[in-house]
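Asker: One file is attached below, my_file-v2.csv, containing CSV, C-alpha atoms.
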```csv
chain,number,residue,atom,x,y,z
A,28,MET,CA,-103.4,28.6,-18.8
A,29,LEU,CA,-101.9,29.8,-22.1
A,30,LYS,CA,-102.1,27.4,-25.1
A,31,GLN,CA,-98.3,27.2,-25.2
A,32,GLN,CA,-98.2,26.2,-21.5
A,33,ALA,CA,-100.9,23.6,-22.1
A,34,VAL,CA,-99.0,22.1,-25.1
A,35,ASP,CA,-95.8,22.0,-22.9
A,36,ARG,CA,-97.6,20.1,-20.1
A,37,ILE,CA,-99.3,17.6,-22.5
A,38,PHE,CA,-96.1,16.7,-24.3
A,39,HIS,CA,-94.3,16.4,-21.0
A,40,ALA,CA,-97.0,14.1,-19.7
A,41,LEU,CA,-96.9,12.0,-22.9
A,42,ALA,CA,-93.1,11.6,-22.8
A,43,ASP,CA,-93.2,9.0,-20.0
A,44,PRO,CA,-93.8,5.4,-21.1
A,45,THR,CA,-95.6,4.5,-17.9
A,46,ARG,CA,-98.0,7.4,-18.3
A,47,ARG,CA,-98.6,6.3,-21.9
A,48,ALA,CA,-99.3,2.8,-20.6
A,49,LEU,CA,-101.8,4.3,-18.1
A,50,LEU,CA,-103.5,6.2,-21.0
A,51,GLU,CA,-103.7,3.0,-23.1
A,52,ARG,CA,-105.5,1.3,-20.2
A,53,LEU,CA,-107.8,4.3,-19.6
A,54,SER,CA,-108.7,4.6,-23.3
A,55,ARG,CA,-110.5,1.3,-22.9
A,56,SER,CA,-112.5,2.2,-19.7
A,57,PRO,CA,-112.4,4.4,-16.6
A,58,ALA,CA,-110.4,2.9,-13.7
A,59,SER,CA,-109.4,3.5,-10.2
A,60,ALA,CA,-105.8,3.9,-9.1
A,61,SER,CA,-105.8,0.4,-7.6
A,62,ASP,CA,-107.2,-1.1,-10.8
A,63,LEU,CA,-104.3,0.5,-12.6
A,64,VAL,CA,-101.7,-0.8,-10.1
A,65,LYS,CA,-102.9,-4.4,-10.7
A,66,ARG,CA,-102.4,-4.0,-14.5
A,67,LEU,CA,-99.1,-2.2,-14.6
A,68,ASP,CA,-97.1,-3.9,-11.8
A,69,ILE,CA,-95.9,-0.6,-10.2
A,70,THR,CA,-96.5,0.8,-6.8
A,71,LEU,CA,-99.7,2.8,-5.9
A,72,ALA,CA,-97.5,5.8,-5.0
A,73,ALA,CA,-96.0,5.8,-8.5
A,74,VAL,CA,-99.4,5.4,-10.1
A,75,VAL,CA,-100.8,8.3,-8.0
A,76,GLN,CA,-97.9,10.5,-9.0
A,77,HIS,CA,-98.3,9.8,-12.7
A,78,LEU,CA,-102.1,10.3,-12.5
A,79,GLN,CA,-101.4,13.7,-11.0
A,80,VAL,CA,-99.2,14.7,-13.9
A,81,LEU,CA,-101.9,13.5,-16.4
A,82,GLU,CA,-104.6,15.3,-14.5
A,83,GLU,CA,-102.7,18.6,-14.4
A,84,SER,CA,-102.0,18.4,-18.1
A,85,GLY,CA,-105.8,18.0,-18.7
A,86,ILE,CA,-105.5,14.5,-20.4
A,87,ILE,CA,-107.5,12.8,-17.7
A,88,ARG,CA,-109.9,13.8,-15.1
A,89,THR,CA,-110.5,12.1,-11.7
A,90,GLU,CA,-113.7,12.0,-9.6
A,91,LYS,CA,-113.8,10.7,-6.0
A,92,VAL,CA,-117.0,8.9,-5.0
A,93,GLY,CA,-116.8,7.6,-1.4
A,94,ARG,CA,-113.3,6.2,-0.9
A,95,VAL,CA,-112.7,5.4,-4.6
A,96,ARG,CA,-111.2,7.9,-7.1
A,97,THR,CA,-112.0,7.0,-10.7
A,98,CYS,CA,-109.9,8.3,-13.6
A,99,ARG,CA,-111.2,8.8,-17.1
A,100,LEU,CA,-109.7,10.1,-20.3
A,101,GLU,CA,-110.4,13.7,-21.4
A,102,PRO,CA,-110.4,13.6,-25.2
A,103,ASN,CA,-109.9,17.4,-25.5
A,104,GLY,CA,-106.6,17.2,-23.7
A,105,LEU,CA,-105.3,14.7,-26.3
A,106,ARG,CA,-106.7,16.8,-29.2
A,107,LEU,CA,-104.4,19.7,-28.4
A,108,ALA,CA,-101.3,17.5,-28.9
A,109,GLU,CA,-102.8,15.8,-31.9
A,110,GLN,CA,-103.5,19.2,-33.5
A,111,TRP,CA,-100.0,20.5,-32.8
A,112,ILE,CA,-98.5,17.5,-34.6
A,113,ALA,CA,-101.0,17.6,-37.5
A,114,ASP,CA,-100.4,21.4,-38.0
A,115,ARG,CA,-96.7,20.9,-38.4
A,116,ARG,CA,-97.1,17.9,-40.7
A,117,THR,CA,-99.7,19.6,-42.9
A,118,LEU,CA,-97.7,22.8,-43.2
A,119,TRP,CA,-94.8,20.8,-44.4
A,120,GLU,CA,-96.9,18.7,-46.8
A,121,ARG,CA,-98.6,21.8,-48.2
A,122,ARG,CA,-95.2,23.1,-49.1
A,123,PHE,CA,-94.6,20.0,-51.3
A,124,ASP,CA,-98.0,20.5,-52.9
A,125,ARG,CA,-97.1,24.1,-53.8
A,126,LEU,CA,-93.7,23.0,-55.1
A,127,GLY,CA,-95.6,20.4,-57.2
A,128,ASP,CA,-97.9,23.1,-58.6
A,129,ILE,CA,-94.9,25.3,-59.5
A,130,LEU,CA,-93.2,22.4,-61.3
A,131,ASP,CA,-96.4,21.5,-63.1
A,132,GLU,CA,-96.8,25.2,-64.3
A,133,GLU,CA,-93.2,25.1,-65.5
A,134,ASP,CA,-93.9,21.9,-67.4
A,135,LEU,CA,-96.8,23.5,-69.1
A,136,GLU,CA,-95.1,26.8,-70.1
A,137,PRO,CA,-92.7,25.4,-72.8
A,138,SER,CA,-95.6,23.4,-74.4
A,139,THR,CA,-97.7,26.6,-74.6
A,140,GLU,CA,-94.8,28.3,-76.3
A,141,LYS,CA,-94.6,25.6,-78.9
A,142,GLU,CA,-98.3,26.1,-80.0
B,62,MET,CA,-86.4,-0.6,-34.4
B,63,LEU,CA,-89.6,-1.8,-32.7
B,64,LYS,CA,-92.7,0.3,-33.0
B,65,GLN,CA,-92.8,0.7,-29.2
B,66,GLN,CA,-89.2,2.0,-29.2
B,67,ALA,CA,-89.9,4.3,-32.1
B,68,VAL,CA,-92.9,5.8,-30.2
B,69,ASP,CA,-90.8,6.2,-27.1
B,70,ARG,CA,-88.1,8.2,-29.0
B,71,ILE,CA,-90.6,10.4,-30.8
B,72,PHE,CA,-92.5,11.4,-27.6
B,73,HIS,CA,-89.2,12.0,-25.8
B,74,ALA,CA,-88.1,14.2,-28.7
B,75,LEU,CA,-91.4,16.2,-28.7
B,76,ALA,CA,-91.3,16.8,-24.9
B,77,ASP,CA,-88.7,19.5,-25.2
B,78,PRO,CA,-90.0,23.0,-26.0
B,79,THR,CA,-86.8,24.0,-27.9
B,80,ARG,CA,-87.1,20.9,-30.0
B,81,ARG,CA,-90.7,21.7,-30.8
B,82,ALA,CA,-89.7,25.3,-31.7
B,83,LEU,CA,-87.1,23.8,-34.1
B,84,LEU,CA,-89.8,21.6,-35.6
B,85,GLU,CA,-92.1,24.7,-36.0
B,86,ARG,CA,-89.4,26.4,-37.9
B,87,LEU,CA,-88.6,23.4,-40.0
B,88,SER,CA,-92.2,22.8,-40.9
B,89,ARG,CA,-92.1,26.0,-42.9
B,90,SER,CA,-88.9,25.2,-44.9
B,91,PRO,CA,-85.6,23.2,-44.6
B,92,ALA,CA,-82.9,25.0,-42.8
B,93,SER,CA,-79.2,24.6,-41.8
B,94,ALA,CA,-78.1,24.5,-38.1
B,95,SER,CA,-76.8,28.0,-38.4
B,96,ASP,CA,-80.2,29.3,-39.8
B,97,LEU,CA,-81.8,27.7,-36.8
B,98,VAL,CA,-79.4,29.4,-34.4
B,99,LYS,CA,-80.3,32.8,-35.7
B,100,ARG,CA,-84.0,32.3,-35.2
B,101,LEU,CA,-83.9,30.7,-31.8
B,102,ASP,CA,-81.2,32.6,-29.9
B,103,ILE,CA,-79.5,29.5,-28.5
B,104,THR,CA,-75.9,28.2,-29.1
B,105,LEU,CA,-74.9,26.2,-32.1
B,106,ALA,CA,-73.8,23.4,-29.8
B,107,ALA,CA,-77.3,23.2,-28.3
B,108,VAL,CA,-79.0,23.3,-31.7
B,109,VAL,CA,-76.8,20.5,-33.0
B,110,GLN,CA,-77.6,18.4,-29.9
B,111,HIS,CA,-81.4,18.9,-30.3
B,112,LEU,CA,-81.2,18.1,-34.0
B,113,GLN,CA,-79.4,14.9,-33.2
B,114,VAL,CA,-82.3,13.8,-30.9
B,115,LEU,CA,-84.8,14.8,-33.6
B,116,GLU,CA,-82.9,12.9,-36.3
B,117,GLU,CA,-82.5,9.7,-34.1
B,118,SER,CA,-86.3,9.8,-33.5
B,119,GLY,CA,-86.9,9.9,-37.3
B,120,ILE,CA,-88.8,13.3,-37.2
B,121,ILE,CA,-86.2,15.1,-39.3
B,122,ARG,CA,-83.5,14.0,-41.7
B,123,THR,CA,-80.3,15.9,-42.4
B,124,GLU,CA,-78.2,16.0,-45.5
B,125,LYS,CA,-74.7,17.5,-45.9
B,126,VAL,CA,-73.8,19.2,-49.1
B,127,GLY,CA,-70.3,20.7,-49.1
B,128,ARG,CA,-69.9,22.3,-45.7
B,129,VAL,CA,-73.6,22.9,-45.0
B,130,ARG,CA,-75.9,20.3,-43.3
B,131,THR,CA,-79.5,21.0,-44.2
B,132,CYS,CA,-82.4,19.7,-42.0
B,133,ARG,CA,-85.8,18.9,-43.2
B,134,LEU,CA,-89.0,17.5,-41.6
B,135,GLU,CA,-89.8,13.8,-42.1
B,136,PRO,CA,-93.6,13.6,-42.0
B,137,ASN,CA,-93.7,9.9,-41.4
B,138,GLY,CA,-91.9,10.4,-38.0
B,139,LEU,CA,-94.6,12.7,-36.8
B,140,ARG,CA,-97.4,10.5,-38.2
B,141,LEU,CA,-96.5,7.7,-35.7
B,142,ALA,CA,-97.0,10.0,-32.7
B,143,GLU,CA,-100.2,11.5,-34.3
B,144,GLN,CA,-101.5,8.0,-34.8
B,145,TRP,CA,-100.8,6.9,-31.2
B,146,ILE,CA,-102.8,9.8,-29.8
B,147,ALA,CA,-105.6,9.4,-32.3
B,148,ASP,CA,-105.9,5.7,-31.5
B,149,ARG,CA,-106.3,6.4,-27.8
B,150,ARG,CA,-108.8,9.2,-28.4
B,151,THR,CA,-110.9,7.3,-30.9
B,152,LEU,CA,-111.0,4.1,-28.7
B,153,TRP,CA,-112.4,6.2,-25.9
B,154,GLU,CA,-114.8,8.1,-28.1
B,155,ARG,CA,-116.1,4.8,-29.6
B,156,ARG,CA,-116.8,3.6,-26.1
B,157,PHE,CA,-119.2,6.6,-25.7
B,158,ASP,CA,-120.8,5.8,-29.0
B,159,ARG,CA,-121.4,2.2,-27.9
B,160,LEU,CA,-122.8,3.5,-24.5
B,161,GLY,CA,-125.1,5.8,-26.5
B,162,ASP,CA,-126.4,2.9,-28.6
B,163,ILE,CA,-127.1,0.8,-25.5
B,164,LEU,CA,-129.0,3.7,-23.9
B,165,ASP,CA,-131.0,4.3,-27.2
B,166,GLU,CA,-131.9,0.6,-27.2
B,167,GLU,CA,-133.1,0.8,-23.6
B,168,ASP,CA,-135.1,3.9,-24.5
B,169,LEU,CA,-136.9,2.0,-27.3
B,170,GLU,CA,-137.7,-1.1,-25.3
B,171,PRO,CA,-140.3,0.3,-22.8
B,172,SER,CA,-142.2,2.2,-25.7
B,173,THR,CA,-142.4,-1.2,-27.6
B,174,GLU,CA,-144.0,-2.7,-24.5
B,175,LYS,CA,-146.6,0.1,-24.3
B,176,GLU,CA,-147.8,-0.5,-27.8
```
Would you mind giving the structure from this file in structure tokens?

Answerer:
Amino acid sequence: MLKQQAVDRIFHALADPTRRALLERLSRSPASASDLVKRLDITLAAVVQHLQVLEESGIIRTEKVGRVRTCRLEPNGLRLAEQWIADRRTLWERRFDRLGDILDEEDLEPSTEKE
Amino acid sequence: MLKQQAVDRIFHALADPTRRALLERLSRSPASASDLVKRLDITLAAVVQHLQVLEESGIIRTEKVGRVRTCRLEPNGLRLAEQWIADRRTLWERRFDRLGDILDEEDLEPSTEKE
């Protein structure tokens, strides 16, 4: 999967408030789909569908042991989205740092002339 | 606006690939809607609509001088989403650190008994 596609899927997954609520729960400990149903007051079918989107985006992984499928967070999936946001923000902030440097240099120049 | 609502709006805004492309462009420098049209090969009406979503979510701010409206990135808007992701990831990673500590303690106990 291309990085661009991966970023698309992750941000699509994160856009849904129920999926973010599932991730909040899963960030505390792994859980089965039925554990998640109890906490979130939505149907099992809805939970299963949301979990599928989260798994396809690489934010969680699931493992079936016997009849129970356990879901756990996959930190690398979240890192890609975190990095995308941080890159945009730091690029913009660096621009301000450079502008600051240019203004500082301009401030210094007239005083050099005076000496 | 409640923090929860703010997070909802930001992730909704980030979910659209065209809006992310606009943010990538704006992270390099401020731009007018017509500058953004040239780069992205979409209609002015579509750009204006996307910019409105980005502005309402607090990720960009726009300023009109004369007939030109300039858009610029608002780093604090992005920080809220970055923080939400980082909080989930670190909570999960801390869980592993604690598990590691417990396992280390268990490793130490039998060797103490042997002495």

Asker: Pairing the C-alpha atoms in order across the whole chain, superpose chain B onto chain A by least squares and write the result as an mmCIF file with C-alpha atoms, keeping the file's coordinate frame.

Answerer:
```cif
data_model
loop_
_atom_site.group_PDB
_atom_site.id
_atom_site.type_symbol
_atom_site.label_atom_id
_atom_site.label_comp_id
_atom_site.auth_asym_id
_atom_site.auth_seq_id
_atom_site.Cartn_x
_atom_site.Cartn_y
_atom_site.Cartn_z
ATOM 1 C CA MET B 62 -103.473 28.649 -18.795
ATOM 2 C CA LEU B 63 -101.881 29.758 -22.083
ATOM 3 C CA LYS B 64 -102.105 27.475 -25.057
ATOM 4 C CA GLN B 65 -98.291 27.275 -25.195
ATOM 5 C CA GLN B 66 -98.174 26.180 -21.529
ATOM 6 C CA ALA B 67 -100.953 23.692 -22.056
ATOM 7 C CA VAL B 68 -99.012 22.131 -24.998
ATOM 8 C CA ASP B 69 -95.868 22.017 -22.928
ATOM 9 C CA ARG B 70 -97.622 20.071 -20.092
ATOM 10 C CA ILE B 71 -99.331 17.641 -22.439
ATOM 11 C CA PHE B 72 -96.105 16.710 -24.331
ATOM 12 C CA HIS B 73 -94.233 16.393 -21.031
ATOM 13 C CA ALA B 74 -96.995 14.105 -19.766
ATOM 14 C CA LEU B 75 -96.927 11.927 -22.951
ATOM 15 C CA ALA B 76 -93.099 11.539 -22.877
ATOM 16 C CA ASP B 77 -93.219 8.976 -20.128
ATOM 17 C CA PRO B 78 -93.843 5.371 -21.221
ATOM 18 C CA THR B 79 -95.645 4.451 -17.941
ATOM 19 C CA ARG B 80 -97.914 7.411 -18.379
ATOM 20 C CA ARG B 81 -98.715 6.370 -21.916
ATOM 21 C CA ALA B 82 -99.404 2.788 -20.705
ATOM 22 C CA LEU B 83 -101.850 4.300 -18.155
ATOM 23 C CA LEU B 84 -103.501 6.261 -20.948
ATOM 24 C CA GLU B 85 -103.761 3.021 -23.067
ATOM 25 C CA ARG B 86 -105.531 1.374 -20.249
ATOM 26 C CA LEU B 87 -107.781 4.297 -19.582
ATOM 27 C CA SER B 88 -108.758 4.646 -23.196
ATOM 28 C CA ARG B 89 -110.579 1.353 -22.888
ATOM 29 C CA SER B 90 -112.579 2.222 -19.706
ATOM 30 C CA PRO B 91 -112.347 4.416 -16.527
ATOM 31 C CA ALA B 92 -110.418 2.869 -13.760
ATOM 32 C CA SER B 93 -109.394 3.529 -10.104
ATOM 33 C CA ALA B 94 -105.692 3.889 -9.069
ATOM 34 C CA SER B 95 -105.784 0.456 -7.573
ATOM 35 C CA ASP B 96 -107.153 -1.105 -10.874
ATOM 36 C CA LEU B 97 -104.266 0.562 -12.607
ATOM 37 C CA VAL B 98 -101.746 -0.870 -10.154
ATOM 38 C CA LYS B 99 -102.870 -4.380 -10.845
ATOM 39 C CA ARG B 100 -102.445 -4.061 -14.575
ATOM 40 C CA LEU B 101 -99.136 -2.277 -14.616
ATOM 41 C CA ASP B 102 -97.101 -3.918 -11.845
ATOM 42 C CA ILE B 103 -95.851 -0.657 -10.341
ATOM 43 C CA THR B 104 -96.476 0.807 -6.809
ATOM 44 C CA LEU B 105 -99.568 2.696 -5.874
ATOM 45 C CA ALA B 106 -97.411 5.673 -4.966
ATOM 46 C CA ALA B 107 -95.968 5.757 -8.495
ATOM 47 C CA VAL B 108 -99.379 5.380 -10.133
ATOM 48 C CA VAL B 109 -100.802 8.224 -8.071
ATOM 49 C CA GLN B 110 -97.831 10.440 -9.034
ATOM 50 C CA HIS B 111 -98.251 9.708 -12.794
ATOM 51 C CA LEU B 112 -101.987 10.317 -12.580
ATOM 52 C CA GLN B 113 -101.340 13.651 -10.972
ATOM 53 C CA VAL B 114 -99.140 14.710 -13.964
ATOM 54 C CA LEU B 115 -101.813 13.428 -16.362
ATOM 55 C CA GLU B 116 -104.588 15.283 -14.528
ATOM 56 C CA GLU B 117 -102.562 18.614 -14.339
ATOM 57 C CA SER B 118 -102.005 18.334 -18.137
ATOM 58 C CA GLY B 119 -105.801 17.997 -18.671
ATOM 59 C CA ILE B 120 -105.540 14.506 -20.382
ATOM 60 C CA ILE B 121 -107.505 12.744 -17.654
ATOM 61 C CA ARG B 122 -109.927 13.862 -14.982
ATOM 62 C CA THR B 123 -110.482 12.109 -11.672
ATOM 63 C CA GLU B 124 -113.546 11.960 -9.521
ATOM 64 C CA LYS B 125 -113.819 10.638 -5.938
ATOM 65 C CA VAL B 126 -116.910 8.821 -4.896
ATOM 66 C CA GLY B 127 -116.784 7.521 -1.319
ATOM 67 C CA ARG B 128 -113.297 6.131 -0.885
ATOM 68 C CA VAL B 129 -112.612 5.364 -4.557
ATOM 69 C CA ARG B 130 -111.085 7.919 -7.023
ATOM 70 C CA THR B 131 -111.991 6.972 -10.564
ATOM 71 C CA CYS B 132 -109.902 8.225 -13.565
ATOM 72 C CA ARG B 133 -111.187 8.768 -16.985
ATOM 73 C CA LEU B 134 -109.706 10.071 -20.282
ATOM 74 C CA GLU B 135 -110.417 13.688 -21.276
ATOM 75 C CA PRO B 136 -110.376 13.681 -25.083
ATOM 76 C CA ASN B 137 -109.980 17.396 -25.396
ATOM 77 C CA GLY B 138 -106.536 17.181 -23.624
ATOM 78 C CA LEU B 139 -105.246 14.802 -26.212
ATOM 79 C CA ARG B 140 -106.799 16.764 -29.107
ATOM 80 C CA LEU B 141 -104.445 19.740 -28.401
ATOM 81 C CA ALA B 142 -101.330 17.580 -28.821
ATOM 82 C CA GLU B 143 -102.886 15.820 -31.908
ATOM 83 C CA GLN B 144 -103.593 19.210 -33.391
ATOM 84 C CA TRP B 145 -100.050 20.540 -32.809
ATOM 85 C CA ILE B 146 -98.519 17.612 -34.667
ATOM 86 C CA ALA B 147 -101.072 17.720 -37.446
ATOM 87 C CA ASP B 148 -100.479 21.435 -37.962
ATOM 88 C CA ARG B 149 -96.752 20.914 -38.380
ATOM 89 C CA ARG B 150 -97.229 17.950 -40.713
ATOM 90 C CA THR B 151 -99.855 19.593 -42.875
ATOM 91 C CA LEU B 152 -97.835 22.896 -43.185
ATOM 92 C CA TRP B 153 -94.942 20.875 -44.511
ATOM 93 C CA GLU B 154 -97.065 18.728 -46.768
ATOM 94 C CA ARG B 155 -98.760 21.865 -48.224
ATOM 95 C CA ARG B 156 -95.339 23.210 -49.044
ATOM 96 C CA PHE B 157 -94.806 20.107 -51.281
ATOM 97 C CA ASP B 158 -98.165 20.638 -52.871
ATOM 98 C CA ARG B 159 -97.271 24.252 -53.685
ATOM 99 C CA LEU B 160 -93.823 23.061 -55.064
ATOM 100 C CA GLY B 161 -95.723 20.532 -57.203
ATOM 101 C CA ASP B 162 -97.995 23.238 -58.628
ATOM 102 C CA ILE B 163 -95.023 25.459 -59.491
ATOM 103 C CA LEU B 164 -93.291 22.548 -61.253
ATOM 104 C CA ASP B 165 -96.578 21.660 -63.165
ATOM 105 C CA GLU B 166 -96.792 25.299 -64.267
ATOM 106 C CA GLU B 167 -93.201 25.226 -65.510
ATOM 107 C CA ASP B 168 -93.956 21.975 -67.322
ATOM 108 C CA LEU B 169 -96.878 23.618 -69.180
ATOM 109 C CA GLU B 170 -95.061 26.772 -70.181
ATOM 110 C CA PRO B 171 -92.521 25.366 -72.739
ATOM 111 C CA SER B 172 -95.336 23.209 -74.486
ATOM 112 C CA THR B 173 -97.422 26.485 -74.843
ATOM 113 C CA GLU B 174 -94.429 28.058 -76.571
ATOM 114 C CA LYS B 175 -94.109 25.132 -79.016
ATOM 115 C CA GLU B 176 -97.651 25.475 -80.192
#
```

Asker: Between B:Arg150, B:Arg155, B:Arg81, B:Arg140, which one has atoms that come closest to A:Ile87, using only C-alpha atoms?

Answerer: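 Among the listed residues, B:Arg150 lies closest to A:Ile87.
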
Asker: Name the residues in contact with stretch 111-116 of chain B at a cut-off of 7 Å, using all atoms listed in the file, excluding same-chain residues fewer than 5 positions from it; report them as a CSV table (one decimal) with C-alpha atoms, in the coordinates of the input.

Answerer:
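Wrote it out as result_17.csv, contents follow:
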```csv
chain,number,residue,atom,x,y,z
B,74,ALA,CA,-88.1,14.2,-28.7
B,80,ARG,CA,-87.1,20.9,-30.0
B,121,ILE,CA,-86.2,15.1,-39.3
B,122,ARG,CA,-83.5,14.0,-41.7
```

Asker: Chain A residues within 6 Å of chain B, counting only C-alpha atoms: which ones, as JSON, numbers by chain?

Answerer: {"A": [38, 39, 42, 54, 102, 109, 115, 116, 118, 119]}

Asker: Can you tell me how far atom CA of A:Arg94 sits from atom CA of B:Arg159, in Å to one decimal?

Answerer: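 Value for the atom CA of A:Arg94-atom CA of B:Arg159 distance: 28.5 Å.
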
Asker: Which residues come within 12 Å of A:Val95, counting only C-alpha atoms, excluding same-chain residues fewer than 6 positions away, as a PyMOL selection string?

Answerer: chain A and resi 58-62+89

Asker: So how far away is atom CA of B:Val98 from atom CA of B:Lys125, in Å?

Answerer: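 Interatomic distance, atom CA of B:Lys125 to atom CA of B:Val98: 17.2 Å.
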
Asker: Between atom CA of A:Ser84 and atom CA of B:Leu97, what is the distance in Å, rounded to a tenth?

Answerer: 29.1 Å

Asker: Since the input is missing atoms, can you rebuild N, CA and C atoms for stretch 29-40 of chain A and write them as an mmCIF file, in the coordinates of the input?

Answerer:
```cif
data_model
loop_
_atom_site.group_PDB
_atom_site.id
_atom_site.type_symbol
_atom_site.label_atom_id
_atom_site.label_comp_id
_atom_site.auth_asym_id
_atom_site.auth_seq_id
_atom_site.Cartn_x
_atom_site.Cartn_y
_atom_site.Cartn_z
ATOM 1 N N LEU A 29 -102.131 29.474 -20.710
ATOM 2 C CA LEU A 29 -101.900 29.800 -22.100
ATOM 3 C C LEU A 29 -101.797 28.489 -22.918
ATOM 4 N N LYS A 30 -102.123 28.598 -24.244
ATOM 5 C CA LYS A 30 -102.100 27.400 -25.100
ATOM 6 C C LYS A 30 -100.685 26.804 -25.129
ATOM 7 N N GLN A 31 -99.679 27.680 -25.183
ATOM 8 C CA GLN A 31 -98.300 27.200 -25.200
ATOM 9 C C GLN A 31 -97.951 26.384 -23.972
ATOM 10 N N GLN A 32 -98.382 26.877 -22.818
ATOM 11 C CA GLN A 32 -98.200 26.200 -21.500
ATOM 12 C C GLN A 32 -98.896 24.836 -21.546
ATOM 13 N N ALA A 33 -100.122 24.855 -22.075
ATOM 14 C CA ALA A 33 -100.900 23.600 -22.100
ATOM 15 C C ALA A 33 -100.253 22.587 -22.987
ATOM 16 N N VAL A 34 -99.723 23.039 -24.147
ATOM 17 C CA VAL A 34 -99.000 22.100 -25.100
ATOM 18 C C VAL A 34 -97.770 21.557 -24.369
ATOM 19 N N ASP A 35 -97.026 22.425 -23.665
ATOM 20 C CA ASP A 35 -95.800 22.000 -22.900
ATOM 21 C C ASP A 35 -96.190 20.871 -21.931
ATOM 22 N N ARG A 36 -97.240 21.088 -21.157
ATOM 23 C CA ARG A 36 -97.600 20.100 -20.100
ATOM 24 C C ARG A 36 -98.055 18.787 -20.740
ATOM 25 N N ILE A 37 -98.818 18.861 -21.841
ATOM 26 C CA ILE A 37 -99.300 17.600 -22.500
ATOM 27 C C ILE A 37 -98.144 16.814 -23.021
ATOM 28 N N PHE A 38 -97.222 17.476 -23.727
ATOM 29 C CA PHE A 38 -96.100 16.700 -24.300
ATOM 30 C C PHE A 38 -95.177 16.191 -23.191
ATOM 31 N N HIS A 39 -95.039 16.952 -22.108
ATOM 32 C CA HIS A 39 -94.300 16.400 -21.000
ATOM 33 C C HIS A 39 -94.936 15.192 -20.407
ATOM 34 N N ALA A 40 -96.250 15.244 -20.271
ATOM 35 C CA ALA A 40 -97.000 14.100 -19.700
ATOM 36 C C ALA A 40 -96.869 12.871 -20.647
#
```
